[in-house]
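Have a look at the structure below, then the notes.
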Amino acid sequence: MGNENRGIVAGLAVSLGGGAVVIGLLTAMFAAASGTERTVTVTAPAGTTQAAPGTTSVPASIPADVVSGAYDYVHFACGSCHGWKGEGGVDPAIPPLAGAGKEFTAEQLRSIIDKGAGISADPKAPFMPVWGSVVTDRQVTEMIAYIKAGLPVVPGATPLTVPDGAAADAAGAVLYQTYGCINCHGSNGFGGVPDPAAPEKAIPPLTGIDFKKGFPADKIAEIIRSGSVIGKQPITAMPHWGGVLSDKQVSQLVAYIQSLK
Ligand code: HEC
Ligand code: HEC
């Protein structure tokens, strides 16, 4: 990919915070790249399923909640840990989700997603994040429907991928979305996402003078790998990404975060 295109991709990834819009653009890019005829642009936010200009065409056999749940699953980066089809295999500490729909009741699934799955004994291993203050009740309902349906393939519900040869900070900007950092730390790291049970009442920004003073590159990399002291639910703690993100991906995220204001 030439430098110009790369710039465009990075620019889109950096400047657009609205997940639904990003998914739409990206989906359009996927479609263009694969050369298929099907029109798959999405402009409706996850949660709405009515027909609208640019609606994705999906098989009528997939219920609307399941379709929305598949988009939520991508948007909240569940697949970065559990596999994009729920197939597992990312890290030994993270279970696949293929059987979870049978193993757990809807109520149990809601509790796991909202409150996490308990406090991890190993501070280095990935743990199930607490999503309660970040994901809406409606979105949790949709993801339960998707998991209960066995995580079927839904057209357009695909994560962003880093363009070949992207500069480190541009690649990091894409990863910031693919791995769902954006859902907790906000567009361009502005923070402010509510975390009512935490002392600061909000998930911290990754921008500003205080952040830059407190977090040189090596410290940013360290907290991405090993998360924060694991908060007690219902506090939303920083997930552990060691075992999930490669060293290269961590350094790309650091480059992106350091490029922020
Ligand atoms: C940072 C990695 C990570 C992310 C992101 C993540 N999970 Fe998890 N999840 C885990 C780990 C680790 C466990 C196992 C917890 C345990 O057994 O103590 C788990 C457990 C679960 C379980 C229970 C499955 C079982 O067999 O025990 C469900 C359901 C689940 N996650 C759903 C989700 C959904 C939905 C999302 C997105 C909103 C998500 N997870 C995002 C790491 C993650
Ligand atoms: C589920 C919400 C959530 C997600 C997803 C998440 N974080 Fe965090 N992150 C937090 C919370 C909460 C803290 C504060 C932890 C603390 O104070 O101990 C934090 C702290 C941080 C910090 C240190 C800043 C500070 O002031 O403590 C960095 C850097 C960071 N996160 C980067 C990332 C990156 C990069 C990603 C994506 C790979 C990411 N985070 C994904 C919730 C999240």
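Ordering of the structure tokens sets the chain letters (A, B, ...), residue numbers begin anew at 1 in every chain, and ligands are numbered from 1 in the order given.
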Surroundings of ligand 1 up to 9 Å, based on only C-alpha atoms and all ligand atoms, as a VMD selection string: chain A and resid 69 72 to 82 91 to 101 103 to 104 108 to 114 116 to 121 125 to 131 135 139 to 140 143 to 144 147 179 to 180 238 to 242 244
Residue list (helix (DSSP H, G or I), DSSP) for range 79-120 of chain A, as a list of chain:residue names: A:Gly79, A:Ser80, A:Cys81, A:His82, A:Ala100, A:Gly101, A:Lys102, A:Glu103, A:Ala106, A:Glu107, A:Gln108, A:Leu109, A:Arg110, A:Ser111, A:Ile112, A:Ile113, A:Asp114, A:Lys115
Go ahead and dump the residues you just picked, N, CA and C atoms, as a PDB file, in the first residue's frame.
```pdb
ATOM      1  N   GLY A  79     -13.353 -10.684  20.672  1.00  0.00           N
ATOM      2  CA  GLY A  79     -12.638 -11.656  19.840  1.00  0.00           C
ATOM      3  C   GLY A  79     -11.129 -11.535  19.945  1.00  0.00           C
ATOM      4  N   SER A  80     -10.629 -10.370  20.371  1.00  0.00           N
ATOM      5  CA  SER A  80      -9.177 -10.236  20.503  1.00  0.00           C
ATOM      6  C   SER A  80      -8.662 -11.190  21.573  1.00  0.00           C
ATOM      7  N   CYS A  81      -9.492 -11.543  22.527  1.00  0.00           N
ATOM      8  CA  CYS A  81      -9.098 -12.497  23.571  1.00  0.00           C
ATOM      9  C   CYS A  81      -9.677 -13.893  23.328  1.00  0.00           C
ATOM     10  N   HIS A  82     -10.946 -13.963  22.927  1.00  0.00           N
ATOM     11  CA  HIS A  82     -11.625 -15.269  22.822  1.00  0.00           C
ATOM     12  C   HIS A  82     -11.560 -15.869  21.421  1.00  0.00           C
ATOM     13  N   ALA A 100     -19.995 -21.903  25.422  1.00  0.00           N
ATOM     14  CA  ALA A 100     -20.490 -21.107  26.559  1.00  0.00           C
ATOM     15  C   ALA A 100     -22.008 -20.919  26.522  1.00  0.00           C
ATOM     16  N   GLY A 101     -22.578 -20.887  25.311  1.00  0.00           N
ATOM     17  CA  GLY A 101     -24.016 -20.688  25.179  1.00  0.00           C
ATOM     18  C   GLY A 101     -24.816 -21.832  25.775  1.00  0.00           C
ATOM     19  N   LYS A 102     -24.231 -23.035  25.742  1.00  0.00           N
ATOM     20  CA  LYS A 102     -24.906 -24.209  26.320  1.00  0.00           C
ATOM     21  C   LYS A 102     -24.574 -24.337  27.797  1.00  0.00           C
ATOM     22  N   GLU A 103     -23.322 -23.985  28.132  1.00  0.00           N
ATOM     23  CA  GLU A 103     -22.839 -24.190  29.492  1.00  0.00           C
ATOM     24  C   GLU A 103     -23.492 -23.223  30.490  1.00  0.00           C
ATOM     25  N   ALA A 106     -28.565 -17.500  30.359  1.00  0.00           N
ATOM     26  CA  ALA A 106     -28.459 -16.099  29.935  1.00  0.00           C
ATOM     27  C   ALA A 106     -28.099 -15.218  31.127  1.00  0.00           C
ATOM     28  N   GLU A 107     -28.666 -15.548  32.267  1.00  0.00           N
ATOM     29  CA  GLU A 107     -28.397 -14.761  33.477  1.00  0.00           C
ATOM     30  C   GLU A 107     -26.924 -14.862  33.891  1.00  0.00           C
ATOM     31  N   GLN A 108     -26.386 -16.065  33.816  1.00  0.00           N
ATOM     32  CA  GLN A 108     -24.974 -16.258  34.158  1.00  0.00           C
ATOM     33  C   GLN A 108     -24.077 -15.500  33.178  1.00  0.00           C
ATOM     34  N   LEU A 109     -24.430 -15.567  31.892  1.00  0.00           N
ATOM     35  CA  LEU A 109     -23.631 -14.848  30.889  1.00  0.00           C
ATOM     36  C   LEU A 109     -23.654 -13.348  31.170  1.00  0.00           C
ATOM     37  N   ARG A 110     -24.830 -12.822  31.525  1.00  0.00           N
ATOM     38  CA  ARG A 110     -24.928 -11.393  31.819  1.00  0.00           C
ATOM     39  C   ARG A 110     -24.023 -11.027  32.995  1.00  0.00           C
ATOM     40  N   SER A 111     -24.025 -11.861  34.000  1.00  0.00           N
ATOM     41  CA  SER A 111     -23.206 -11.578  35.175  1.00  0.00           C
ATOM     42  C   SER A 111     -21.710 -11.625  34.813  1.00  0.00           C
ATOM     43  N   ILE A 112     -21.307 -12.602  34.016  1.00  0.00           N
ATOM     44  CA  ILE A 112     -19.886 -12.705  33.628  1.00  0.00           C
ATOM     45  C   ILE A 112     -19.473 -11.467  32.833  1.00  0.00           C
ATOM     46  N   ILE A 113     -20.327 -11.044  31.896  1.00  0.00           N
ATOM     47  CA  ILE A 113     -19.965  -9.903  31.047  1.00  0.00           C
ATOM     48  C   ILE A 113     -19.987  -8.607  31.868  1.00  0.00           C
ATOM     49  N   ASP A 114     -20.996  -8.424  32.689  1.00  0.00           N
ATOM     50  CA  ASP A 114     -21.114  -7.185  33.471  1.00  0.00           C
ATOM     51  C   ASP A 114     -20.075  -7.096  34.588  1.00  0.00           C
ATOM     52  N   LYS A 115     -19.837  -8.218  35.250  1.00  0.00           N
ATOM     53  CA  LYS A 115     -19.036  -8.169  36.490  1.00  0.00           C
ATOM     54  C   LYS A 115     -17.709  -8.889  36.386  1.00  0.00           C
TER      55      LYS A 115
END
```
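Selection of all polymer residues within 6 Å of ligand 2 on the basis of only C-alpha atoms and all ligand atoms gives Pro129, Trp131, Tyr176, Tyr179, Gly180, Cys181, Cys184, Ile203, Pro204, Leu206, Ile220, Ile223, Ile224, Ser228, Val229, Thr236, Ala237, Met238, Pro239 and Leu253 of chain A.
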Save out the residues we just selected, N, CA and C atoms, as a PDB file, in the first residue's frame.
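The resulting again-v4.pdb:
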```pdb
ATOM      1  N   PRO A 129     -12.388  -8.886  31.646  1.00  0.00           N
ATOM      2  CA  PRO A 129     -12.641  -7.535  32.152  1.00  0.00           C
ATOM      3  C   PRO A 129     -14.078  -7.379  32.659  1.00  0.00           C
ATOM      4  N   TRP A 131     -17.294  -5.329  32.336  1.00  0.00           N
ATOM      5  CA  TRP A 131     -17.797  -4.453  31.272  1.00  0.00           C
ATOM      6  C   TRP A 131     -19.003  -3.624  31.678  1.00  0.00           C
ATOM      7  N   TYR A 176      -5.627   0.263  18.509  1.00  0.00           N
ATOM      8  CA  TYR A 176      -6.367   0.927  19.589  1.00  0.00           C
ATOM      9  C   TYR A 176      -7.868   0.644  19.453  1.00  0.00           C
ATOM     10  N   TYR A 179      -8.442  -3.713  19.464  1.00  0.00           N
ATOM     11  CA  TYR A 179      -8.358  -4.291  20.803  1.00  0.00           C
ATOM     12  C   TYR A 179      -9.252  -3.569  21.811  1.00  0.00           C
ATOM     13  N   GLY A 180     -10.058  -2.648  21.309  1.00  0.00           N
ATOM     14  CA  GLY A 180     -11.106  -2.052  22.149  1.00  0.00           C
ATOM     15  C   GLY A 180     -10.617  -1.053  23.190  1.00  0.00           C
ATOM     16  N   CYS A 181      -9.356  -0.619  23.093  1.00  0.00           N
ATOM     17  CA  CYS A 181      -8.860   0.412  24.032  1.00  0.00           C
ATOM     18  C   CYS A 181      -9.783   1.622  23.977  1.00  0.00           C
ATOM     19  N   CYS A 184     -12.800   2.102  26.368  1.00  0.00           N
ATOM     20  CA  CYS A 184     -12.567   2.478  27.759  1.00  0.00           C
ATOM     21  C   CYS A 184     -11.825   3.809  27.878  1.00  0.00           C
ATOM     22  N   ILE A 203     -12.493   6.195  33.874  1.00  0.00           N
ATOM     23  CA  ILE A 203     -11.313   5.522  33.321  1.00  0.00           C
ATOM     24  C   ILE A 203     -10.342   6.620  32.865  1.00  0.00           C
ATOM     25  N   PRO A 204      -9.046   6.517  33.220  1.00  0.00           N
ATOM     26  CA  PRO A 204      -8.137   7.639  32.982  1.00  0.00           C
ATOM     27  C   PRO A 204      -7.877   7.905  31.496  1.00  0.00           C
ATOM     28  N   LEU A 206      -5.372   8.957  28.296  1.00  0.00           N
ATOM     29  CA  LEU A 206      -3.997   8.610  27.917  1.00  0.00           C
ATOM     30  C   LEU A 206      -3.363   9.829  27.244  1.00  0.00           C
ATOM     31  N   ILE A 220       4.294   2.688  29.887  1.00  0.00           N
ATOM     32  CA  ILE A 220       3.072   2.431  29.103  1.00  0.00           C
ATOM     33  C   ILE A 220       3.066   0.968  28.668  1.00  0.00           C
ATOM     34  N   ILE A 223       2.247  -1.400  31.583  1.00  0.00           N
ATOM     35  CA  ILE A 223       0.846  -1.482  32.039  1.00  0.00           C
ATOM     36  C   ILE A 223      -0.039  -2.124  30.965  1.00  0.00           C
ATOM     37  N   ILE A 224       0.323  -1.985  29.699  1.00  0.00           N
ATOM     38  CA  ILE A 224      -0.461  -2.675  28.658  1.00  0.00           C
ATOM     39  C   ILE A 224      -0.288  -4.187  28.846  1.00  0.00           C
ATOM     40  N   SER A 228      -3.573  -3.267  35.431  1.00  0.00           N
ATOM     41  CA  SER A 228      -3.450  -2.552  36.696  1.00  0.00           C
ATOM     42  C   SER A 228      -3.612  -3.560  37.817  1.00  0.00           C
ATOM     43  N   VAL A 229      -3.436  -3.094  39.035  1.00  0.00           N
ATOM     44  CA  VAL A 229      -3.793  -3.912  40.186  1.00  0.00           C
ATOM     45  C   VAL A 229      -5.242  -4.307  39.938  1.00  0.00           C
ATOM     46  N   THR A 236     -14.041  -1.320  36.927  1.00  0.00           N
ATOM     47  CA  THR A 236     -13.471  -1.722  35.649  1.00  0.00           C
ATOM     48  C   THR A 236     -11.963  -1.549  35.743  1.00  0.00           C
ATOM     49  N   ALA A 237     -11.205  -2.633  35.718  1.00  0.00           N
ATOM     50  CA  ALA A 237      -9.754  -2.534  35.777  1.00  0.00           C
ATOM     51  C   ALA A 237      -9.178  -2.580  34.366  1.00  0.00           C
ATOM     52  N   MET A 238      -7.938  -2.192  34.240  1.00  0.00           N
ATOM     53  CA  MET A 238      -7.237  -2.301  32.962  1.00  0.00           C
ATOM     54  C   MET A 238      -6.938  -3.779  32.707  1.00  0.00           C
ATOM     55  N   PRO A 239      -7.443  -4.304  31.578  1.00  0.00           N
ATOM     56  CA  PRO A 239      -7.174  -5.725  31.289  1.00  0.00           C
ATOM     57  C   PRO A 239      -5.671  -5.999  31.136  1.00  0.00           C
ATOM     58  N   LEU A 253       1.283   0.372  19.855  1.00  0.00           N
ATOM     59  CA  LEU A 253       0.320   1.089  20.708  1.00  0.00           C
ATOM     60  C   LEU A 253       1.013   2.207  21.491  1.00  0.00           C
TER      61      LEU A 253
END
```
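If only C-alpha atoms are the atoms counted, then among A:Thr141, A:Thr178, A:Thr161, A:Asn188 the closest residue to Val66 in chain A is A:Thr141.
Straight-line separation from CA of Gly132 in chain A to CA of Lys148 in chain A: 19.5 Å.
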Val67 in chain A surroundings by only C-alpha atoms, 10 Å radius, close-in-sequence under 6 positions cut, as an MDAnalysis selection string: chainID A and resid 46:47 49 58:59 73 142:143 145:146 151:157
Expected answer as a list in words: strand (DSSP E or B) residues in range 103-256 of chain A: Pro194, Ala202, Gly242 and Leu245 of chain A
Shell of 9 Å around Thr207 in chain A, only C-alpha atoms, local chain residues under 4 positions omitted, as number ranges by chain: A: 188-191, 211-212, 257-258, 260-261
Expected file contents, prior selection, N, CA and C atoms, as a PDB file, in the first residue's frame:
```
ATOM      1  N   ASN A 188      -9.016   8.974  20.691  1.00  0.00           N
ATOM      2  CA  ASN A 188      -7.730   9.661  20.875  1.00  0.00           C
ATOM      3  C   ASN A 188      -7.291   9.750  22.335  1.00  0.00           C
ATOM      4  N   GLY A 189      -7.740   8.801  23.141  1.00  0.00           N
ATOM      5  CA  GLY A 189      -7.248   8.719  24.523  1.00  0.00           C
ATOM      6  C   GLY A 189      -7.756   9.794  25.458  1.00  0.00           C
ATOM      7  N   PHE A 190      -8.859  10.447  25.096  1.00  0.00           N
ATOM      8  CA  PHE A 190      -9.336  11.551  25.929  1.00  0.00           C
ATOM      9  C   PHE A 190      -9.933  11.093  27.261  1.00  0.00           C
ATOM     10  N   GLY A 191     -10.205   9.805  27.406  1.00  0.00           N
ATOM     11  CA  GLY A 191     -10.661   9.279  28.692  1.00  0.00           C
ATOM     12  C   GLY A 191     -12.078   9.713  29.030  1.00  0.00           C
ATOM     13  N   PHE A 211      -0.476  12.625  32.440  1.00  0.00           N
ATOM     14  CA  PHE A 211      -0.225  11.297  31.877  1.00  0.00           C
ATOM     15  C   PHE A 211       1.197  11.224  31.321  1.00  0.00           C
ATOM     16  N   LYS A 212       1.594  12.220  30.557  1.00  0.00           N
ATOM     17  CA  LYS A 212       2.919  12.191  29.922  1.00  0.00           C
ATOM     18  C   LYS A 212       4.039  12.157  30.972  1.00  0.00           C
ATOM     19  N   ILE A 257       0.045   6.095  21.405  1.00  0.00           N
ATOM     20  CA  ILE A 257      -0.309   6.821  22.635  1.00  0.00           C
ATOM     21  C   ILE A 257       0.624   8.017  22.826  1.00  0.00           C
ATOM     22  N   GLN A 258       1.904   7.832  22.497  1.00  0.00           N
ATOM     23  CA  GLN A 258       2.849   8.955  22.653  1.00  0.00           C
ATOM     24  C   GLN A 258       2.612  10.055  21.623  1.00  0.00           C
ATOM     25  N   LEU A 260      -0.309  11.160  20.970  1.00  0.00           N
ATOM     26  CA  LEU A 260      -1.514  11.892  21.368  1.00  0.00           C
ATOM     27  C   LEU A 260      -1.145  13.177  22.110  1.00  0.00           C
ATOM     28  N   LYS A 261      -2.100  14.082  22.204  1.00  0.00           N
ATOM     29  CA  LYS A 261      -1.833  15.394  22.825  1.00  0.00           C
ATOM     30  C   LYS A 261      -1.614  15.284  24.330  1.00  0.00           C
TER      31      LYS A 261
END
```
Write out as a compact mmCIF listing (two decimals) with C-alpha atoms, in the first residue's frame the residues lying within 8 Å of Pro194 in chain A, counting only C-alpha atoms and excluding same-chain residues fewer than 2 positions away.
```txt
# COMPACT_ATOMS: atom_id res chain seq x y z
CA SER A 133 -20.14 0.45 33.12
CA VAL A 134 -18.89 0.38 29.52
CA GLY A 192 -13.69 10.16 30.78
CA PRO A 196 -18.54 4.86 39.09
CA LYS A 201 -15.03 7.75 39.02
CA ALA A 202 -13.72 7.53 35.45
CA ILE A 203 -11.31 5.52 33.32
```
8 Å contact set for Ala221 in chain A, only C-alpha atoms, chain neighbours under 2 positions out, as a list in words: Ala217, Asp218, Lys219, Ile223, Ile224, Arg225, Val250, Ser251 and Val254 of chain A
Among listed residues A:His185, A:Arg138, A:Lys85, A:Lys124, nearest Ser68 in chain A (using only C-alpha atoms): A:Arg138
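Going from CA of Ala198 in chain A to CA of Ile235 in chain A covers 5.6 Å.
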For CA of Tyr256 in chain A and CA of Ala167 in chain A, the interatomic separation in Å (one decimal): 9.7 Å
